[in-house]
>>> print(open('upload_2.csv').read())   # CSV, C-alpha atoms and all ligand atoms
chain,number,residue,atom,x,y,z
A,813,MET,CA,42.6,26.4,-9.7
A,814,LYS,CA,42.0,23.0,-11.3
A,815,ALA,CA,42.5,21.1,-8.0
A,816,GLY,CA,40.0,23.4,-6.3
A,817,THR,CA,37.4,22.7,-9.0
A,818,ALA,CA,37.9,19.0,-8.6
A,819,LEU,CA,37.5,19.2,-4.9
A,820,ASN,CA,34.2,21.0,-5.3
A,821,THR,CA,32.8,18.2,-7.4
A,822,ARG,CA,30.3,16.3,-5.3
A,823,LEU,CA,29.7,13.5,-7.7
A,824,ASP,CA,32.1,10.6,-7.8
A,825,HIS,CA,32.4,8.9,-11.2
A,826,ARG,CA,33.1,5.6,-9.4
A,827,ASN,CA,29.6,5.6,-7.9
A,828,PRO,CA,27.7,3.1,-10.0
A,829,LEU,CA,24.7,5.5,-10.1
A,830,VAL,CA,26.7,8.3,-11.4
A,831,PHE,CA,26.8,8.6,-15.2
A,832,ASP,CA,29.1,10.5,-17.5
A,833,THR,CA,27.8,12.5,-20.4
A,834,HIS,CA,31.2,13.5,-21.9
A,835,GLU,CA,31.0,10.9,-24.5
A,836,LEU,CA,27.5,12.0,-25.5
A,837,GLY,CA,28.7,15.5,-26.0
A,838,ARG,CA,26.5,18.6,-26.0
A,839,ARG,CA,25.4,18.7,-29.7
A,840,PRO,CA,21.5,18.7,-29.5
A,841,GLY,CA,20.2,15.5,-31.0
A,842,ALA,CA,23.1,13.3,-29.9
A,843,MET,CA,22.0,10.1,-28.4
A,844,GLN,CA,23.6,7.3,-26.4
A,845,LYS,CA,22.3,4.1,-25.0
A,846,LEU,CA,23.7,2.6,-21.9
A,847,PHE,CA,23.2,-0.6,-20.0
A,848,ARG,CA,24.6,-1.1,-16.5
A,849,GLU,CA,24.1,-3.8,-13.9
A,850,ILE,CA,24.9,-2.6,-10.4
A,851,ALA,CA,24.5,-3.8,-6.8
A,852,ALA,CA,21.4,-2.1,-5.4
A,853,PRO,CA,22.1,0.6,-2.8
A,854,ALA,CA,20.8,0.3,0.7
A,855,ASP,CA,17.2,1.1,1.6
A,856,LEU,CA,15.9,1.1,-1.9
A,857,GLY,CA,12.1,0.7,-1.6
A,858,LEU,CA,9.5,1.1,1.0
A,859,ALA,CA,11.1,0.8,4.5
A,860,GLY,CA,9.7,-2.2,6.3
A,861,VAL,CA,7.2,-3.1,3.5
A,862,ILE,CA,9.0,-4.1,0.3
A,863,GLY,CA,12.2,-3.2,-1.3
A,864,VAL,CA,15.3,-4.3,-3.3
A,865,PRO,CA,17.7,-5.9,-0.9
A,866,GLU,CA,21.0,-4.2,-0.7
A,867,GLY,CA,23.6,-5.6,-3.1
A,868,ALA,CA,20.9,-7.4,-5.2
A,869,PRO,CA,21.4,-7.0,-8.9
A,870,LEU,CA,19.8,-3.9,-10.4
A,871,LYS,CA,19.7,-3.5,-14.1
A,872,LEU,CA,19.6,-0.1,-15.6
A,873,LYS,CA,18.9,0.7,-19.2
A,874,LEU,CA,19.3,4.3,-20.1
A,875,ARG,CA,19.0,6.5,-23.2
A,876,LEU,CA,20.8,9.8,-23.0
A,877,GLU,CA,19.7,12.6,-25.3
A,878,ALA,CA,21.5,15.9,-25.6
A,879,VAL,CA,19.0,18.7,-25.9
A,880,MET,CA,19.4,22.5,-25.7
A,881,GLU,CA,19.2,22.9,-22.0
A,882,GLY,CA,20.8,19.6,-20.8
A,883,VAL,CA,20.6,15.9,-21.1
A,884,LEU,CA,17.3,14.1,-21.1
A,885,VAL,CA,17.6,10.7,-19.5
A,886,THR,CA,15.0,8.0,-20.2
A,887,GLY,CA,15.3,4.6,-18.7
A,888,THR,CA,14.1,1.5,-17.0
A,889,ALA,CA,15.3,-0.1,-13.8
A,890,ARG,CA,14.7,-3.8,-13.2
A,891,ALA,CA,15.3,-5.8,-10.0
A,892,SER,CA,13.7,-8.3,-7.7
A,893,ALA,CA,12.0,-6.7,-4.7
A,894,VAL,CA,11.4,-8.7,-1.5
A,895,GLY,CA,8.8,-7.9,1.2
A,896,GLU,CA,6.2,-9.4,3.4
A,897,CYS,CA,2.5,-10.2,2.6
A,898,VAL,CA,0.4,-7.8,4.6
A,899,ARG,CA,-2.2,-10.5,5.1
A,900,CYS,CA,-0.3,-13.7,6.0
A,901,LEU,CA,3.3,-12.3,6.6
A,902,GLU,CA,4.8,-14.8,4.1
A,903,SER,CA,7.7,-13.4,2.1
A,904,VAL,CA,6.8,-11.9,-1.2
A,905,GLU,CA,9.1,-11.5,-4.2
A,906,ARG,CA,8.2,-9.1,-7.0
A,907,GLU,CA,9.8,-8.4,-10.3
A,908,LEU,CA,10.2,-4.6,-10.2
A,909,LYS,CA,10.2,-2.6,-13.4
A,910,ALA,CA,10.4,1.1,-13.0
A,911,ASP,CA,10.4,3.6,-16.0
A,912,PHE,CA,11.7,7.1,-15.6
A,913,GLN,CA,12.5,10.2,-17.5
A,914,GLU,CA,14.4,13.0,-16.1
A,915,MET,CA,16.1,16.2,-17.3
A,916,PHE,CA,19.6,17.0,-16.1
A,917,SER,CA,20.2,20.7,-16.9
A,918,TYR,CA,23.6,22.2,-17.8
A,919,PRO,CA,24.5,24.5,-14.9
A,920,ASP,CA,25.3,27.3,-17.4
A,921,ALA,CA,21.9,26.8,-19.1
A,922,ASP,CA,20.4,27.4,-15.7
A,923,ASP,CA,22.3,30.7,-15.3
A,924,ARG,CA,20.7,32.0,-18.5
A,925,THR,CA,17.2,31.0,-17.2
A,926,ARG,CA,17.9,32.3,-13.8
A,927,SER,CA,18.9,35.8,-15.1
A,928,LYS,CA,15.5,36.0,-16.7
A,929,ALA,CA,13.6,34.5,-13.8
A,930,GLU,CA,12.6,36.4,-10.7
A,931,PRO,CA,15.0,35.9,-7.8
A,932,ALA,CA,12.2,34.5,-5.6
A,933,ASP,CA,12.0,31.5,-7.9
A,934,ASP,CA,15.5,30.4,-7.2
A,935,ALA,CA,14.7,28.3,-4.2
A,936,GLU,CA,12.0,26.4,-6.1
A,937,ASP,CA,14.2,25.9,-9.1
A,938,ASP,CA,17.0,24.4,-7.0
A,939,GLU,CA,14.6,21.8,-5.6
A,940,ASP,CA,12.9,20.8,-8.8
A,941,THR,CA,15.8,21.0,-11.3
A,942,LEU,CA,18.5,18.4,-11.4
A,943,PHE,CA,21.9,19.5,-12.8
A,944,LEU,CA,24.8,18.0,-14.5
A,945,GLU,CA,28.0,18.5,-12.5
A,946,ASP,CA,31.1,18.5,-14.6
A,947,GLY,CA,29.2,16.5,-17.2
A,948,LEU,CA,28.2,13.9,-14.6
A,949,PHE,CA,24.7,13.2,-13.2
A,950,ASP,CA,23.5,11.2,-10.2
A,951,LEU,CA,20.6,8.9,-11.0
A,952,GLU,CA,20.1,7.8,-7.3
A,953,PRO,CA,17.4,10.3,-6.3
A,954,VAL,CA,15.5,9.6,-9.5
A,955,LEU,CA,15.8,5.9,-9.0
A,956,ARG,CA,14.7,6.0,-5.4
A,957,ASP,CA,11.5,8.0,-6.3
A,958,VAL,CA,10.5,5.7,-9.2
A,959,VAL,CA,11.2,2.5,-7.3
A,960,VAL,CA,8.9,3.6,-4.4
A,961,LEU,CA,6.2,4.5,-6.9
A,962,ALA,CA,6.5,1.2,-8.7
A,963,LEU,CA,6.2,-1.0,-5.6
A,964,PRO,CA,2.9,-2.0,-4.0
A,965,LEU,CA,2.1,-0.2,-0.7
A,966,GLN,CA,0.4,-3.3,0.6
A,967,PRO,CA,2.1,-6.3,-1.0
A,968,VAL,CA,0.2,-9.6,-1.0
A,969,CYS,CA,1.6,-13.1,-1.7
A,970,ARG,CA,-1.4,-13.6,-4.1
A,971,GLU,CA,-4.5,-11.6,-4.8
A,972,ASP,CA,-6.8,-14.1,-3.0
A,973,CYS,CA,-4.5,-14.6,0.0
A,974,LEU,CA,-6.8,-15.6,2.9
A,975,GLY,CA,-4.5,-14.1,5.6
A,976,LEU,CA,-4.2,-15.3,9.2
A,977,CYS,CA,-6.9,-16.5,11.5
A,978,PRO,CA,-7.6,-13.5,13.8
A,979,ASP,CA,-8.0,-15.8,16.8
A,980,CYS,CA,-5.0,-18.1,16.6
A,981,GLY,CA,-2.8,-16.7,13.8
A,982,LEU,CA,-2.8,-19.8,11.7
A,983,SER,CA,-2.4,-19.2,8.0
A,984,LEU,CA,-5.8,-19.7,6.4
A,985,ASN,CA,-4.0,-20.4,3.1
A,986,ASP,CA,-2.8,-23.7,4.6
A,987,ASP,CA,-6.2,-24.6,5.8
A,988,PRO,CA,-9.1,-22.7,4.3
A,989,ASP,CA,-11.7,-24.6,6.3
A,990,HIS,CA,-10.0,-23.7,9.6
A,991,HIS,CA,-12.4,-22.1,12.1
A,992,HIS,CA,-13.3,-21.9,15.8
A,993,ASP,CA,-16.8,-23.0,16.8
A,994,ALA,CA,-17.0,-20.2,19.4
A,995,VAL,CA,-16.5,-17.6,16.7
A,996,ASP,CA,-19.2,-19.2,14.6
A,997,ILE,CA,-21.7,-19.1,17.4
A,998,ARG,CA,-21.0,-15.5,18.1
A,999,TRP,CA,-21.3,-14.6,14.5
A,1000,ALA,CA,-24.6,-16.5,14.2
A,1001,ALA,CA,-25.9,-14.7,17.3
A,1002,LEU,CA,-24.8,-11.3,16.0
A,1003,GLN,CA,-26.3,-11.9,12.6
A,1004,GLY,CA,-29.6,-12.9,14.2
A,1005,LEU,CA,-29.6,-9.7,16.3
A,1006,VAL,CA,-28.8,-7.5,13.4
A,1007,THR,CA,-31.7,-9.0,11.3
A,1008,ASP,CA,-34.2,-8.7,14.2
A,1009,GLN,CA,-33.2,-5.1,15.0
A,1010,GLY,CA,-33.3,-4.2,11.3
A,1011,VAL,CA,-36.9,-5.4,11.0
A,1012,GLU,CA,-37.9,-3.6,14.2
A,1013,LYS,CA,-36.2,-0.4,13.2
A,1014,ASP,CA,-37.8,-0.4,9.8
A,1015,ASN,CA,-41.2,-0.7,11.3
A,1016,MET,CA,-40.5,1.9,13.8
A,1017,SER,CA,-39.0,4.4,11.5
A,1018,GLY,CA,-41.8,3.9,9.1
A,1019,THR,CA,-44.3,4.7,11.8
A,1020,ALA,CA,-42.3,7.6,13.1
A,1021,SER,CA,-41.9,9.3,9.7
A,1022,ASP,CA,-45.5,8.8,8.9
A,1023,GLY,CA,-46.3,10.5,12.1
A,1024,VAL,CA,-44.0,13.4,11.4
A,1025,GLN,CA,-45.3,13.7,7.9
A,1026,GLY,CA,-48.8,13.7,9.2
A,1027,ALA,CA,-48.0,16.4,11.7
A,1028,ALA,CA,-46.3,18.5,9.1
A,1029,GLU,CA,-49.3,18.3,6.8
A,1030,LYS,CA,-51.6,19.3,9.6
A,1031,GLN,CA,-49.4,22.3,10.4
A,1032,GLU,CA,-49.4,23.4,6.8
A,1033,LYS,CA,-53.2,23.2,6.6
A,1101,ZN,ZN,-0.4,-13.8,1.9
A,1102,ZN,ZN,-7.7,-20.0,14.3
>>> encode(input="upload_2.csv", output="structure tokens", more="lines below")
Ligand SMILES: [Zn+2]
Ligand SMILES: [Zn+2]
Amino acid sequence: MKAGTALNTRLDHRNPLVFDTHELGRRPGAMQKLFREIAAPADLGLAGVIGVPEGAPLKLKLRLEAVMEGVLVTGTARASAVGECVRCLESVERELKADFQEMFSYPDADDRTRSKAEPADDAEDDEDTLFLEDGLFDLEPVLRDVVVLALPLQPVCREDCLGLCPDCGLSLNDDPDHHHDAVDIRWAALQGLVTDQGVEKDNMSGTASDGVQGAAEKQEK
């Protein structure tokens, strides 16, 4: 019987993102603080944008609190994230600090809730509620979610990054005065056109609307 139970346990206490609550116990109000520095798992972050490199140090500070229905886990994850500036493609390094709070319910506490709840709610509950398994909980899904939320979707090397020249790809940060004369001429021509058209349009629309208004007034009378 016992061997079977062990085999059914999905969580491995040797996994650095799996935590044990046995020491904490189940007496509501019991509290335990933990600090763990681990090697970051693979694919932690925004794929292809910015993330914590696999194996990089990831510091986890946790506070476990036993409550009636389970263990409330509050914590902070810190690591260095590496990505690429979306404007100039230079590498970007960001200090990541992600706060989280998550409830891991006792499986038996869930049974009590479930007996009261309507059967239709079960599917939803299973998705939203995280459970302790043999007193262990897996922080990985929580960590993945908060890390993604804490990272910039469009990282830049600096707020005023000038990006790349659209014509030749040179980094404008290296040479802010860089330009191509042909582009300047086109711009000048385009700007002249816009101004001229704007003036003409204004005159025309003014006349046209006057005419419409005049016609409408005539119809009303
Ligand atoms: Zn940049
Ligand atoms: Zn250029």
>>> residues_near_ligand(input="upload_2.csv", ligand="ligand ZN 1101 (chain A)", cutoff="12 Å", atoms="all atoms listed in the file", output="list in words")
Gly895, Glu896, Cys897, Val898, Arg899, Cys900, Leu901, Glu902, Ser903, Val904, Glu905, Gln966, Pro967, Val968, Cys969, Arg970, Glu971, Asp972, Cys973, Leu974, Gly975, Leu976, Cys977, Leu982, Ser983, Leu984, Asn985 and Asp986 of chain A
>>> closest_residue(input="upload_2.csv", among="A:Asp987, A:Asp993, A:Asp832, A:Asp979", to="ligand ZN 1102 (chain A)", atoms="all atoms listed in the file")
A:Asp979
>>> atom_distance(input="upload_2.csv", atom1="atom ZN of ligand ZN 1102 (chain A)", atom2="atom CA of Arg906 of chain A")
28.7 Å
>>> residues_near_point(input="upload_2.csv", point="(29.9, -4.8, -2.7)", cutoff="12 Å", atoms="all atoms listed in the file", output="number ranges by chain")
A: 827-828, 850-854, 866-869
>>> atom_distance(input="upload_2.csv", atom1="atom CA of Phe916 of chain A", atom2="atom CA of Val879 of chain A")
10.0 Å
>>> closest_residue(input="upload_2.csv", among="A:Glu877, A:Phe943, A:Val954, A:Cys980", to="Pro840 of chain A", atoms="only C-alpha atoms")
A:Glu877
>>> closest_residue(input="upload_2.csv", among="A:Arg839, A:Arg826, A:Lys871, A:His992", to="ligand ZN 1102 (chain A)", atoms="only C-alpha atoms and all ligand atoms")
A:His992
>>> residues_near_point(input="upload_2.csv", point="(13.8, -9.1, -4.3)", cutoff="6 Å", atoms="all atoms listed in the file", output="JSON, numbers by chain")
{"A": [864, 892, 893, 894, 905]}
>>> decode(input="upload_2.csv", residues="segment 863-986 of chain A", atoms="C-alpha atoms", output="short mmCIF file (atom, residue, chain, number, x, y, z; two decimals), in the first residue's frame")
data_model
loop_
_atom_site.label_atom_id
_atom_site.label_comp_id
_atom_site.auth_asym_id
_atom_site.auth_seq_id
_atom_site.Cartn_x
_atom_site.Cartn_y
_atom_site.Cartn_z
CA GLY A 863 14.38 35.62 -19.86
CA VAL A 864 16.53 34.13 -17.13
CA PRO A 865 19.20 31.97 -18.77
CA GLU A 866 19.00 28.31 -17.86
CA GLY A 867 21.27 27.55 -14.93
CA ALA A 868 21.64 31.20 -13.88
CA PRO A 869 21.30 31.83 -10.14
CA LEU A 870 17.72 32.37 -9.03
CA LYS A 871 17.14 33.48 -5.46
CA LEU A 872 13.88 32.52 -3.79
CA LYS A 873 12.71 34.00 -0.55
CA LEU A 874 9.57 32.37 0.80
CA ARG A 875 7.30 32.73 3.76
CA LEU A 876 5.05 29.77 4.42
CA GLU A 877 1.99 30.23 6.58
CA ALA A 878 -0.27 27.42 7.66
CA VAL A 879 -3.92 28.44 7.39
CA MET A 880 -7.13 26.48 7.74
CA GLU A 881 -7.38 25.28 4.15
CA GLY A 882 -3.72 24.94 3.26
CA VAL A 883 -0.40 26.75 3.10
CA LEU A 884 -0.20 30.35 2.00
CA VAL A 885 3.10 31.01 0.23
CA THR A 886 4.36 34.56 -0.10
CA GLY A 887 7.68 35.21 -1.72
CA THR A 888 10.07 37.00 -3.98
CA ALA A 889 12.19 35.66 -6.81
CA ARG A 890 15.31 37.51 -7.93
CA ALA A 891 17.52 36.83 -10.92
CA SER A 892 19.21 38.50 -13.84
CA ALA A 893 17.25 38.38 -17.06
CA VAL A 894 18.95 38.66 -20.42
CA GLY A 895 17.34 39.73 -23.66
CA GLU A 896 17.71 41.92 -26.70
CA CYS A 897 16.82 45.59 -27.12
CA VAL A 898 13.83 45.75 -29.47
CA ARG A 899 15.19 48.93 -31.06
CA CYS A 900 18.93 48.38 -31.52
CA LEU A 901 19.25 44.60 -30.88
CA GLU A 902 22.01 45.12 -28.30
CA SER A 903 21.86 42.69 -25.42
CA VAL A 904 19.91 43.87 -22.40
CA GLU A 905 20.35 42.68 -18.84
CA ARG A 906 17.68 43.35 -16.27
CA GLU A 907 17.53 42.65 -12.58
CA LEU A 908 14.32 40.75 -12.15
CA LYS A 909 12.31 40.93 -8.97
CA ALA A 910 9.02 39.10 -8.96
CA ASP A 911 6.69 39.00 -5.96
CA PHE A 912 4.10 36.30 -5.63
CA GLN A 913 1.50 34.96 -3.27
CA GLU A 914 -0.18 31.64 -3.77
CA MET A 915 -2.37 29.31 -1.80
CA PHE A 916 -1.63 25.61 -1.84
CA SER A 917 -4.67 23.78 -0.51
CA TYR A 918 -4.71 20.56 1.46
CA PRO A 919 -6.23 17.86 -0.74
CA ASP A 920 -8.59 16.83 2.09
CA ALA A 921 -9.65 20.45 2.61
CA ASP A 922 -10.64 20.42 -1.03
CA ASP A 923 -12.75 17.30 -0.51
CA ARG A 924 -14.78 19.17 2.07
CA THR A 925 -15.26 22.13 -0.27
CA ARG A 926 -16.04 19.88 -3.17
CA SER A 927 -18.81 17.99 -1.38
CA LYS A 928 -20.58 21.32 -0.88
CA ALA A 929 -19.85 22.69 -4.34
CA GLU A 930 -21.82 21.71 -7.40
CA PRO A 931 -20.19 18.95 -9.48
CA ALA A 932 -19.98 21.28 -12.50
CA ASP A 933 -17.48 23.46 -10.64
CA ASP A 934 -14.94 20.69 -10.33
CA ALA A 935 -13.22 21.31 -13.65
CA GLU A 936 -12.73 24.98 -12.86
CA ASP A 937 -11.53 24.25 -9.35
CA ASP A 938 -8.92 21.84 -10.62
CA GLU A 939 -7.47 24.50 -12.87
CA ASP A 940 -7.44 27.39 -10.42
CA THR A 941 -6.55 25.65 -7.20
CA LEU A 942 -3.06 24.44 -6.47
CA PHE A 943 -2.73 21.56 -4.07
CA LEU A 944 -0.21 20.20 -1.67
CA GLU A 945 0.81 16.67 -2.53
CA ASP A 946 1.99 14.67 0.45
CA GLY A 947 2.91 17.95 2.09
CA LEU A 948 4.93 19.10 -0.92
CA PHE A 949 4.19 21.92 -3.30
CA ASP A 950 5.62 22.83 -6.68
CA LEU A 951 6.50 26.48 -7.08
CA GLU A 952 7.40 26.18 -10.76
CA PRO A 953 4.04 27.13 -12.38
CA VAL A 954 3.71 30.08 -10.00
CA LEU A 955 7.27 31.18 -10.70
CA ARG A 956 6.83 30.96 -14.47
CA ASP A 957 3.72 33.14 -14.38
CA VAL A 958 5.16 35.88 -12.18
CA VAL A 959 8.47 36.01 -14.03
CA VAL A 960 6.69 36.59 -17.34
CA LEU A 961 4.57 39.32 -15.77
CA ALA A 962 7.62 41.00 -14.23
CA LEU A 963 9.57 41.16 -17.48
CA PRO A 964 9.22 43.93 -20.08
CA LEU A 965 7.40 42.82 -23.24
CA GLN A 966 9.55 45.19 -25.28
CA PRO A 967 12.89 45.52 -23.53
CA VAL A 968 15.08 48.48 -24.45
CA CYS A 969 18.76 48.95 -23.61
CA ARG A 970 17.88 52.44 -22.35
CA GLU A 971 14.73 54.53 -22.48
CA ASP A 972 16.15 56.93 -25.07
CA CYS A 973 17.68 54.24 -27.29
CA LEU A 974 17.78 55.67 -30.81
CA GLY A 975 17.53 52.29 -32.50
CA LEU A 976 18.93 51.43 -35.90
CA CYS A 977 19.04 53.47 -39.09
CA PRO A 978 16.12 52.11 -41.14
CA ASP A 979 18.18 52.41 -44.32
CA CYS A 980 21.54 50.88 -43.44
CA GLY A 981 21.05 49.28 -40.01
CA LEU A 982 23.77 51.29 -38.29
CA SER A 983 23.15 51.83 -34.58
CA LEU A 984 22.11 55.44 -34.16
CA ASN A 985 23.32 55.27 -30.55
CA ASP A 986 26.88 55.11 -31.88
#
